[in-house]
file protein_27.tsv (TSV, C-alpha atoms)
chain	number	residue	atom	x	y	z
A	197	MET	CA	-29.36	-9.31	-9.39
A	198	SER	CA	-25.97	-8.33	-8.00
A	199	TYR	CA	-23.17	-10.85	-7.63
A	200	ILE	CA	-19.42	-11.22	-7.09
A	201	LYS	CA	-16.94	-13.65	-8.61
A	202	ILE	CA	-14.26	-15.24	-6.40
A	203	ASN	CA	-11.15	-16.75	-7.96
A	204	GLN	CA	-10.48	-19.47	-5.40
A	205	ASP	CA	-6.99	-20.14	-6.78
A	206	LYS	CA	-5.98	-16.67	-5.57
A	207	CYS	CA	-7.71	-16.83	-2.18
A	208	LYS	CA	-5.33	-17.12	0.78
A	209	SER	CA	-8.03	-17.63	3.42
A	210	CYS	CA	-7.52	-14.39	5.37
A	211	TYR	CA	-11.35	-14.04	5.65
A	212	LEU	CA	-11.26	-10.22	5.66
A	213	CYS	CA	-14.11	-10.29	3.10
A	214	MET	CA	-16.29	-12.38	5.42
A	215	ASP	CA	-16.12	-9.74	8.16
A	216	VAL	CA	-16.89	-6.84	5.87
A	217	CYS	CA	-19.89	-8.27	3.98
A	218	PRO	CA	-23.02	-6.53	5.34
A	219	LYS	CA	-25.22	-9.50	4.40
A	220	LYS	CA	-22.72	-12.21	5.47
A	221	LEU	CA	-22.95	-13.92	2.09
A	222	ILE	CA	-19.29	-14.97	1.98
A	223	LYS	CA	-18.55	-18.18	3.85
A	224	LYS	CA	-15.79	-20.73	4.29
A	225	SER	CA	-16.12	-23.46	1.65
A	226	GLU	CA	-15.21	-27.13	1.84
A	227	LYS	CA	-12.37	-26.60	-0.64
A	228	ILE	CA	-8.83	-26.40	0.76
A	229	GLY	CA	-6.72	-23.65	-0.81
A	230	LYS	CA	-2.96	-23.28	-1.26
A	231	THR	CA	-2.44	-22.07	2.32
A	232	GLY	CA	-3.97	-25.31	3.64
A	233	GLN	CA	-7.15	-23.67	4.86
A	234	ASN	CA	-10.71	-23.45	3.58
A	235	VAL	CA	-11.08	-20.82	0.86
A	236	ALA	CA	-13.95	-18.33	0.76
A	237	GLU	CA	-17.05	-18.92	-1.34
A	238	PHE	CA	-20.03	-16.76	-2.28
A	239	ILE	CA	-23.47	-18.19	-1.57
A	240	ASP	CA	-26.47	-15.98	-2.35
A	241	THR	CA	-29.59	-18.13	-2.58
A	242	ASN	CA	-32.06	-15.27	-1.89
A	243	ASN	CA	-30.41	-12.65	-4.15
A	244	GLU	CA	-29.42	-10.49	-1.19
A	245	CYS	CA	-26.09	-9.18	-2.55
A	246	LEU	CA	-26.05	-5.37	-2.64
A	247	GLY	CA	-23.12	-5.03	-5.02
A	248	CYS	CA	-21.42	-2.68	-2.55
A	249	SER	CA	-17.96	-4.00	-3.57
A	250	GLN	CA	-16.58	-3.61	-0.03
A	251	CYS	CA	-15.32	-7.21	-0.18
A	252	ALA	CA	-13.42	-6.49	-3.39
A	253	LEU	CA	-11.80	-3.41	-1.85
A	254	VAL	CA	-10.54	-5.17	1.27
A	255	CYS	CA	-9.35	-8.35	-0.48
A	256	PRO	CA	-5.52	-8.13	-0.40
A	257	ASP	CA	-5.10	-10.64	-3.23
A	258	ILE	CA	-7.68	-9.43	-5.76
A	259	ALA	CA	-9.27	-12.87	-5.43
A	260	ILE	CA	-12.65	-11.14	-5.77
A	261	THR	CA	-12.19	-10.35	-9.42
A	262	GLU	CA	-15.56	-8.94	-10.37
A	263	VAL	CA	-18.51	-7.20	-8.70
A	264	VAL	CA	-21.68	-6.59	-10.70
A	265	LYS	CA	-24.43	-4.36	-9.30
A	266	GLU	CA	-27.90	-4.29	-10.75
B	117	MET	CA	-23.33	-2.65	-14.15
B	118	GLN	CA	-19.82	-3.72	-13.28
B	119	VAL	CA	-18.70	-1.78	-10.18
B	120	PHE	CA	-15.38	-3.56	-9.68
B	121	SER	CA	-13.04	-5.51	-11.90
B	122	THR	CA	-9.36	-6.43	-11.69
B	123	PRO	CA	-7.38	-3.28	-12.61
B	124	LYS	CA	-5.89	-3.26	-16.11
B	125	THR	CA	-2.48	-2.33	-14.71
B	126	ILE	CA	-2.30	-5.62	-12.77
B	127	LYS	CA	-0.68	-8.30	-14.94
B	128	GLU	CA	-3.08	-10.96	-16.13
B	129	ASN	CA	-2.86	-14.32	-14.35
B	130	SER	CA	-0.50	-12.94	-11.72
B	131	SER	CA	-1.30	-13.59	-8.10
B	132	PHE	CA	0.30	-11.72	-5.22
B	133	THR	CA	2.97	-13.65	-3.32
B	134	PHE	CA	2.53	-11.67	-0.09
B	135	CYS	CA	1.51	-13.37	3.16
B	136	PRO	CA	-2.23	-13.92	3.74
B	137	GLY	CA	-3.90	-10.71	4.92
B	138	CYS	CA	-0.92	-8.44	4.12
B	139	ASP	CA	-1.91	-4.87	3.28
B	140	HIS	CA	0.75	-4.66	0.55
B	141	GLY	CA	-1.79	-6.29	-1.76
B	142	VAL	CA	-4.40	-3.63	-1.00
B	143	ALA	CA	-1.87	-0.83	-1.48
B	144	LEU	CA	-0.71	-2.22	-4.85
B	145	LYS	CA	-4.32	-2.67	-5.94
B	146	LEU	CA	-5.06	0.98	-5.09
B	147	VAL	CA	-1.97	2.14	-7.02
B	148	ALA	CA	-3.09	0.09	-10.02
B	149	MET	CA	-6.64	1.47	-9.80
B	150	VAL	CA	-5.36	5.06	-9.68
B	151	LEU	CA	-3.00	4.47	-12.63
B	152	ASP	CA	-6.01	3.13	-14.55
B	153	GLU	CA	-8.18	6.11	-13.63
B	154	LEU	CA	-5.55	8.67	-14.61
B	155	ASN	CA	-4.72	6.68	-17.75
B	156	LEU	CA	-1.00	6.68	-16.90
B	157	GLN	CA	-0.06	3.06	-17.57
B	158	GLU	CA	1.81	3.70	-20.83
B	159	GLN	CA	3.95	6.56	-19.52
B	160	THR	CA	4.73	5.27	-16.02
B	161	ILE	CA	8.11	4.14	-14.73
B	162	ALA	CA	7.94	2.55	-11.28
B	163	VAL	CA	10.98	2.32	-9.05
B	164	ALA	CA	11.02	-0.64	-6.65
B	165	SER	CA	13.22	-0.87	-3.61
B	166	SER	CA	14.36	-3.63	-1.27
B	167	GLY	CA	12.02	-5.47	1.06
B	168	CYS	CA	8.58	-6.92	0.40
B	169	SER	CA	7.86	-3.88	-1.78
B	170	VAL	CA	10.38	-5.14	-4.35
B	171	LEU	CA	7.81	-7.68	-5.58
B	172	LEU	CA	5.93	-4.84	-7.31
B	173	TYR	CA	7.40	-5.58	-10.74
B	174	ASP	CA	5.97	-9.09	-10.74
B	175	PHE	CA	2.43	-7.71	-10.57
B	176	LEU	CA	2.23	-4.23	-12.09
B	177	ASP	CA	2.15	-4.06	-15.87
B	178	VAL	CA	4.29	-0.91	-16.10
B	179	ASP	CA	8.00	-0.33	-16.75
B	180	CYS	CA	9.90	-0.99	-13.53
B	181	ILE	CA	13.45	-0.58	-12.36
B	182	GLU	CA	15.01	-2.05	-9.24
B	183	SER	CA	17.13	0.30	-7.16
B	184	PRO	CA	19.79	-0.40	-4.51
B	185	HIS	CA	18.53	-0.56	-0.95
B	186	GLY	CA	17.10	2.82	0.07
B	187	ARG	CA	18.07	4.64	-3.13
B	188	ALA	CA	14.73	4.53	-4.92
B	189	CYS	CA	14.21	8.31	-4.73
B	190	ALA	CA	17.72	8.93	-6.10
B	191	VAL	CA	17.13	6.51	-9.01
B	192	ALA	CA	13.73	8.09	-9.66
B	193	THR	CA	15.37	11.54	-9.72
B	194	GLY	CA	17.78	10.36	-12.41
B	195	ILE	CA	15.02	8.81	-14.52
B	196	LYS	CA	12.79	11.87	-14.27
B	197	ARG	CA	15.57	14.34	-15.09
B	198	ALA	CA	17.05	12.30	-17.96
B	199	HIS	CA	13.65	11.91	-19.61
B	200	LYS	CA	12.81	15.55	-19.08
B	201	ALA	CA	16.08	16.59	-20.76
B	202	GLN	CA	15.01	14.57	-23.82
B	203	GLY	CA	11.59	16.11	-23.82
B	204	ASN	CA	9.75	13.00	-22.60
B	205	ASN	CA	7.21	13.53	-19.91
B	206	LYS	CA	7.33	10.28	-17.91
B	207	PHE	CA	5.38	9.61	-14.77
B	208	VAL	CA	7.78	8.31	-12.10
B	209	PHE	CA	6.85	6.91	-8.71
B	210	THR	CA	8.70	4.91	-6.07
B	211	TYR	CA	7.16	2.19	-3.93
B	212	GLN	CA	9.15	1.61	-0.76
B	213	GLY	CA	8.88	0.14	2.70
B	214	ASP	CA	9.54	2.08	5.87
B	215	GLY	CA	12.95	0.50	6.50
B	216	ASP	CA	13.94	1.43	2.97
B	217	PHE	CA	12.52	4.95	2.87
B	218	ALA	CA	13.07	6.08	6.46
B	219	SER	CA	16.17	4.20	7.59
B	220	ILE	CA	18.82	3.36	5.01
B	221	GLY	CA	17.36	5.74	2.45
B	222	ILE	CA	16.44	8.67	4.69
B	223	SER	CA	19.16	10.87	3.18
B	224	GLU	CA	18.09	10.20	-0.42
B	225	SER	CA	14.41	10.55	0.46
B	226	LEU	CA	14.68	13.78	2.43
B	227	HIS	CA	16.99	15.42	-0.08
B	228	SER	CA	14.72	14.47	-2.98
B	229	ALA	CA	11.95	16.26	-1.09
B	230	LEU	CA	14.20	19.24	-0.34
B	231	ARG	CA	15.20	19.53	-4.00
B	232	GLY	CA	11.53	19.40	-4.91
B	233	GLU	CA	12.02	16.60	-7.42
B	234	ASN	CA	8.85	16.12	-9.39
B	235	ILE	CA	8.30	12.48	-8.36
B	236	THR	CA	5.88	10.62	-6.11
B	237	ALA	CA	7.00	8.38	-3.26
B	238	ILE	CA	4.76	5.80	-1.61
B	239	CYS	CA	6.01	4.43	1.68
B	240	ILE	CA	4.44	1.34	3.24
B	241	ASN	CA	4.87	1.66	7.00
B	242	ASN	CA	4.42	-1.69	8.76
B	243	THR	CA	6.73	-0.79	11.70
B	244	ASN	CA	9.29	-3.54	11.07
B	245	TYR	CA	11.53	-5.14	8.45
B	246	GLY	CA	8.95	-7.61	7.15
B	247	MET	CA	10.88	-9.56	4.51
B	248	THR	CA	13.89	-10.45	6.67
B	249	GLY	CA	11.96	-11.67	9.70
B	250	GLY	CA	10.45	-8.73	11.55
B	251	GLN	CA	13.47	-6.92	12.94
B	252	MET	CA	13.02	-3.58	14.67
B	253	GLY	CA	12.82	-0.73	12.17
B	254	PRO	CA	13.07	3.04	12.55
B	255	THR	CA	9.27	3.19	12.73
B	256	SER	CA	8.76	0.51	15.40
B	257	THR	CA	6.70	2.04	18.18
B	258	LEU	CA	7.83	2.33	21.80
B	259	GLY	CA	7.31	-0.99	23.57
B	260	GLN	CA	6.86	-2.93	20.33
B	261	ILE	CA	8.24	-6.45	20.54
B	262	THR	CA	10.19	-7.50	17.45
B	263	SER	CA	12.78	-10.21	16.78
B	264	THR	CA	15.63	-7.78	17.61
B	265	SER	CA	13.87	-6.05	20.50
B	266	PRO	CA	12.44	-9.01	22.47
B	267	LEU	CA	11.80	-6.84	25.53
B	268	GLY	CA	10.09	-4.11	23.52
B	269	ARG	CA	11.46	-0.92	22.01
B	270	ASN	CA	13.04	1.13	24.79
B	271	LYS	CA	13.38	4.90	24.33
B	272	GLU	CA	16.61	5.15	26.42
B	273	TYR	CA	18.34	2.43	24.42
B	274	HIS	CA	16.75	2.53	20.95
B	275	GLY	CA	15.38	6.05	20.71
B	276	PHE	CA	12.04	7.21	19.34
B	277	PRO	CA	10.23	6.15	16.15
B	278	ILE	CA	10.43	8.44	13.11
B	279	LYS	CA	7.30	10.11	11.81
B	280	THR	CA	8.09	10.23	8.14
B	281	ALA	CA	5.08	12.12	6.78
B	282	GLU	CA	5.64	15.01	9.22
B	283	HIS	CA	9.34	15.18	8.32
B	284	ILE	CA	8.60	15.34	4.59
B	285	ALA	CA	5.97	18.04	5.27
B	286	LEU	CA	8.72	20.27	6.71
B	287	CYS	CA	10.64	20.20	3.41
B	288	ASP	CA	9.99	23.28	1.31
B	289	GLY	CA	10.27	21.32	-1.94
B	290	ALA	CA	7.48	18.93	-1.01
B	291	SER	CA	4.08	19.65	-2.52
B	292	PHE	CA	2.04	17.03	-0.72
B	293	SER	CA	2.56	14.82	2.31
B	294	ALA	CA	-0.07	12.63	3.91
B	295	ARG	CA	-0.50	9.53	6.04
B	296	VAL	CA	-3.33	7.06	5.41
B	297	ALA	CA	-4.31	3.63	6.73
B	298	LEU	CA	-5.98	0.55	5.24
B	299	TYR	CA	-7.72	-1.02	8.23
B	300	ASP	CA	-11.31	-0.54	7.02
B	301	VAL	CA	-13.24	0.29	3.85
B	302	LYS	CA	-13.59	3.99	4.66
B	303	ASN	CA	-9.85	4.34	5.09
B	304	ILE	CA	-9.12	2.30	1.96
B	305	ILE	CA	-11.27	4.66	-0.14
B	306	ASN	CA	-9.60	7.65	1.54
B	307	ALA	CA	-6.18	6.12	0.80
B	308	LYS	CA	-7.11	5.73	-2.85
B	309	ASN	CA	-8.19	9.37	-3.13
B	310	THR	CA	-4.99	10.48	-1.39
B	311	ILE	CA	-2.77	8.46	-3.75
B	312	LYS	CA	-4.70	9.93	-6.67
B	313	LYS	CA	-4.09	13.44	-5.36
B	314	ALA	CA	-0.37	12.76	-4.95
B	315	PHE	CA	-0.17	11.43	-8.53
B	316	GLU	CA	-2.07	14.45	-9.86
B	317	TYR	CA	0.36	16.82	-8.12
B	318	GLN	CA	3.20	15.19	-10.00
B	319	LYS	CA	1.29	15.47	-13.28
B	320	GLU	CA	0.85	19.18	-12.61
B	321	GLY	CA	4.57	19.50	-11.87
B	322	LEU	CA	4.19	20.86	-8.34
B	323	GLY	CA	7.09	18.96	-6.77
B	324	PHE	CA	7.72	16.01	-4.48
B	325	SER	CA	4.53	14.27	-3.37
B	326	PHE	CA	4.51	11.68	-0.63
B	327	VAL	CA	2.01	9.21	0.82
B	328	GLU	CA	2.78	7.09	3.88
B	329	ILE	CA	0.50	4.07	4.21
B	330	LEU	CA	0.06	2.46	7.63
B	331	SER	CA	-0.02	-1.20	6.78
B	332	SER	CA	-0.33	-4.48	8.64
B	333	CYS	CA	2.24	-7.27	8.86
B	334	PRO	CA	0.28	-10.20	10.34
B	335	THR	CA	3.15	-12.69	9.99
B	336	ASN	CA	5.73	-10.71	11.93
B	337	TRP	CA	3.32	-9.12	14.38
B	338	LYS	CA	2.14	-12.70	15.06
B	339	LEU	CA	-1.50	-11.64	14.86
B	340	SER	CA	-4.41	-12.62	12.64
B	341	PRO	CA	-5.23	-10.23	9.75
B	342	GLN	CA	-8.30	-9.07	11.70
B	343	ASP	CA	-6.33	-8.40	14.91
B	344	SER	CA	-3.61	-6.62	12.91
B	345	HIS	CA	-6.19	-4.20	11.56
B	346	LYS	CA	-7.54	-3.70	15.08
B	347	LYS	CA	-4.00	-2.95	16.28
B	348	ILE	CA	-3.56	-0.28	13.59
B	349	GLU	CA	-6.91	1.29	14.46
B	350	GLU	CA	-6.42	1.27	18.24
B	351	GLU	CA	-2.65	1.60	18.75
B	352	LEU	CA	-0.69	2.63	15.68
B	353	SER	CA	-2.97	5.45	14.59
B	354	LYS	CA	-2.40	7.04	18.03
B	355	THR	CA	1.36	7.22	17.45
B	356	TYR	CA	1.06	7.87	13.73
B	357	LYS	CA	-1.74	10.39	13.29
B	358	LEU	CA	-3.63	10.05	10.02
B	359	GLY	CA	-4.16	13.07	7.81
B	360	ILE	CA	-2.65	15.49	5.35
B	361	PHE	CA	0.39	17.32	6.71
B	362	LYS	CA	1.25	19.42	3.70
B	363	ASP	CA	-0.83	20.48	0.73
B	364	ILE	CA	0.73	23.20	-1.38
B	365	LYS	CA	-2.66	24.15	-2.83
B	366	ASN	CA	-4.08	24.97	0.61
B	367	GLU	CA	-1.32	27.30	1.78
call {"tool": "encode", "arguments": {"input": "protein_27.tsv", "output": "structure tokens"}}
result
Amino acid sequence: MSYIKINQDKCKSCYLCMDVCPKKLIKKSEKIGKTGQNVAEFIDTNNECLGCSQCALVCPDIAITEVVKE
Amino acid sequence: MQVFSTPKTIKENSSFTFCPGCDHGVALKLVAMVLDELNLQEQTIAVASSGCSVLLYDFLDVDCIESPHGRACAVATGIKRAHKAQGNNKFVFTYQGDGDFASIGISESLHSALRGENITAICINNTNYGMTGGQMGPTSTLGQITSTSPLGRNKEYHGFPIKTAEHIALCDGASFSARVALYDVKNIINAKNTIKKAFEYQKEGLGFSFVEILSSCPTNWKLSPQDSHKKIEEELSKTYKLGIFKDIKNE
């Protein structure tokens, strides 16, 4: 089961990761971050994550700290 | 299997202070990943310049020195030569913006390339002076609206933008000169490989290696991060062609 870890304290709500995820597993959360906007969260109820790490590559703030592929 | 983790060369518990969506973060991450891969962290000295790029020493866990505006290549020359005279083999790279490298520091930059100094320069080209409020820079494209060119850059009045990577490629002392972009995943991976190549050329002692990175500035372009990337893909990469302009190994 592949997964990513998002450090929401680092997220600046640019949503570049949301556009790049091939399975659209990254969504806006209810939590408001330090830029005053909703931070990104990872929801993968059906274990769809591919572990492609594209989100981690495009994140300008290294808020996606870990990608595990299995 | 862990396929991505925060690079070791990024300081623990540091978070970038760049604007949301700024490509500086991606560029610094790539530099840190390459330093990790080449195992250079302990012997690296980074030279920061003025502009948003100065913030480098808050995030990279390597020895850093701050240079006067535009003089990063000159300072790097001194560091490299002084250490070489003492028998230390240090890895020295500069991290500069386009206003720093190609405007105020063009003399230092070009002459470092002409002397064939064995250093690496990374130039972030976001086509304006980002830190001070988006004034027109030497790389602003024709027609680009900035805070000091409200009617757009005019070739009769302001002249033409400078294409830094091509200029460096004309210098005989340069070993490697390339321009990359960061607007999608394919280009980010390509940028990482290019930076790695430039760093390896310095390790092999081939001379001045240079990478220009086309980068977005969403705050001063007044666009969203997504639209900024679209602008680089559709407009900027027409003016600034991506590719390798000089590779001493392929000549």
call {"tool": "closest_residue", "arguments": {"input": "protein_27.tsv", "among": "B:Leu258, B:Ala188, B:Val119, B:Met252", "to": "A:Glu262", "atoms": "all atoms listed in the file"}}
result
B:Val119
call {"tool": "atom_distance", "arguments": {"input": "protein_27.tsv", "atom1": "atom CA of B:Glu320", "atom2": "atom CA of B:Lys357"}}
result
27.5 Å
call {"tool": "residues_around", "arguments": {"input": "protein_27.tsv", "residues": "A:Thr241", "least_positions_apart": "6", "cutoff": "12 Å", "atoms": "all atoms listed in the file", "output": "list in words"}}
result
Met197, Ser198, Tyr199, Lys219, Leu221 and Ile222 of chain A
call {"tool": "write_last_selection", "arguments": {"input": "protein_27.tsv", "atoms": "C-alpha atoms", "output": "tab-separated table (two decimals), in the coordinates of the input"}}
result
chain	number	residue	atom	x	y	z
A	197	MET	CA	-29.36	-9.31	-9.39
A	198	SER	CA	-25.97	-8.33	-8.00
A	199	TYR	CA	-23.17	-10.85	-7.63
A	219	LYS	CA	-25.22	-9.50	4.40
A	221	LEU	CA	-22.95	-13.92	2.09
A	222	ILE	CA	-19.29	-14.97	1.98
call {"tool": "closest_residue", "arguments": {"input": "protein_27.tsv", "among": "A:Ile228, A:Ile239, A:Cys217, A:Ile202", "to": "A:Cys251", "atoms": "only C-alpha atoms"}}
result
A:Cys217
call {"tool": "closest_residue", "arguments": {"input": "protein_27.tsv", "among": "B:Ser340, B:Ser131, B:Ser121, B:Thr355", "to": "A:Pro256", "atoms": "all atoms listed in the file"}}
result
B:Ser131
call {"tool": "atom_distance", "arguments": {"input": "protein_27.tsv", "atom1": "atom CA of B:Glu282", "atom2": "atom CA of B:Gln342"}}
result
27.9 Å
call {"tool": "residues_around", "arguments": {"input": "protein_27.tsv", "residues": "B:Ser130", "least_positions_apart": "5", "cutoff": "12 Å", "atoms": "only C-alpha atoms", "output": "list of chain:residue names"}}
result
A:Asn203, A:Asp205, A:Lys206, A:Asp257, A:Ile258, A:Ala259, B:Thr122, B:Pro123, B:Lys124, B:Thr125, B:Leu171, B:Leu172, B:Tyr173, B:Asp174, B:Phe175, B:Leu176, B:Asp177
call {"tool": "build_atoms", "arguments": {"input": "protein_27.tsv", "residues": "stretch 204-216 of chain A", "atoms": "N, CA and C atoms", "output": "tab-separated table (two decimals), in the frame of the given file"}}
result
chain	number	residue	atom	x	y	z
A	204	GLN	N	-10.94	-18.75	-6.60
A	204	GLN	CA	-10.48	-19.47	-5.40
A	204	GLN	C	-9.01	-19.87	-5.48
A	205	ASP	N	-8.42	-19.84	-6.69
A	205	ASP	CA	-6.99	-20.14	-6.78
A	205	ASP	C	-6.15	-19.01	-6.17
A	206	LYS	N	-6.72	-17.79	-6.13
A	206	LYS	CA	-5.98	-16.67	-5.57
A	206	LYS	C	-6.25	-16.47	-4.08
A	207	CYS	N	-7.32	-17.07	-3.58
A	207	CYS	CA	-7.71	-16.83	-2.18
A	207	CYS	C	-6.70	-17.44	-1.22
A	208	LYS	N	-6.29	-16.63	-0.21
A	208	LYS	CA	-5.33	-17.12	0.78
A	208	LYS	C	-5.97	-17.29	2.16
A	209	SER	N	-7.30	-17.32	2.18
A	209	SER	CA	-8.03	-17.63	3.42
A	209	SER	C	-7.75	-16.65	4.57
A	210	CYS	N	-7.68	-15.35	4.27
A	210	CYS	CA	-7.52	-14.39	5.37
A	210	CYS	C	-8.88	-13.99	5.95
A	211	TYR	N	-9.96	-14.25	5.21
A	211	TYR	CA	-11.35	-14.04	5.65
A	211	TYR	C	-11.69	-12.59	5.97
A	212	LEU	N	-10.91	-11.62	5.45
A	212	LEU	CA	-11.26	-10.22	5.66
A	212	LEU	C	-12.57	-9.88	4.98
A	213	CYS	N	-12.86	-10.55	3.84
A	213	CYS	CA	-14.11	-10.29	3.10
A	213	CYS	C	-15.32	-10.75	3.89
A	214	MET	N	-15.16	-11.86	4.65
A	214	MET	CA	-16.29	-12.38	5.42
A	214	MET	C	-16.75	-11.38	6.47
A	215	ASP	N	-15.77	-10.69	7.10
A	215	ASP	CA	-16.12	-9.74	8.16
A	215	ASP	C	-16.79	-8.50	7.61
A	216	VAL	N	-16.45	-8.13	6.38
A	216	VAL	CA	-16.89	-6.84	5.87
A	216	VAL	C	-18.25	-6.92	5.15
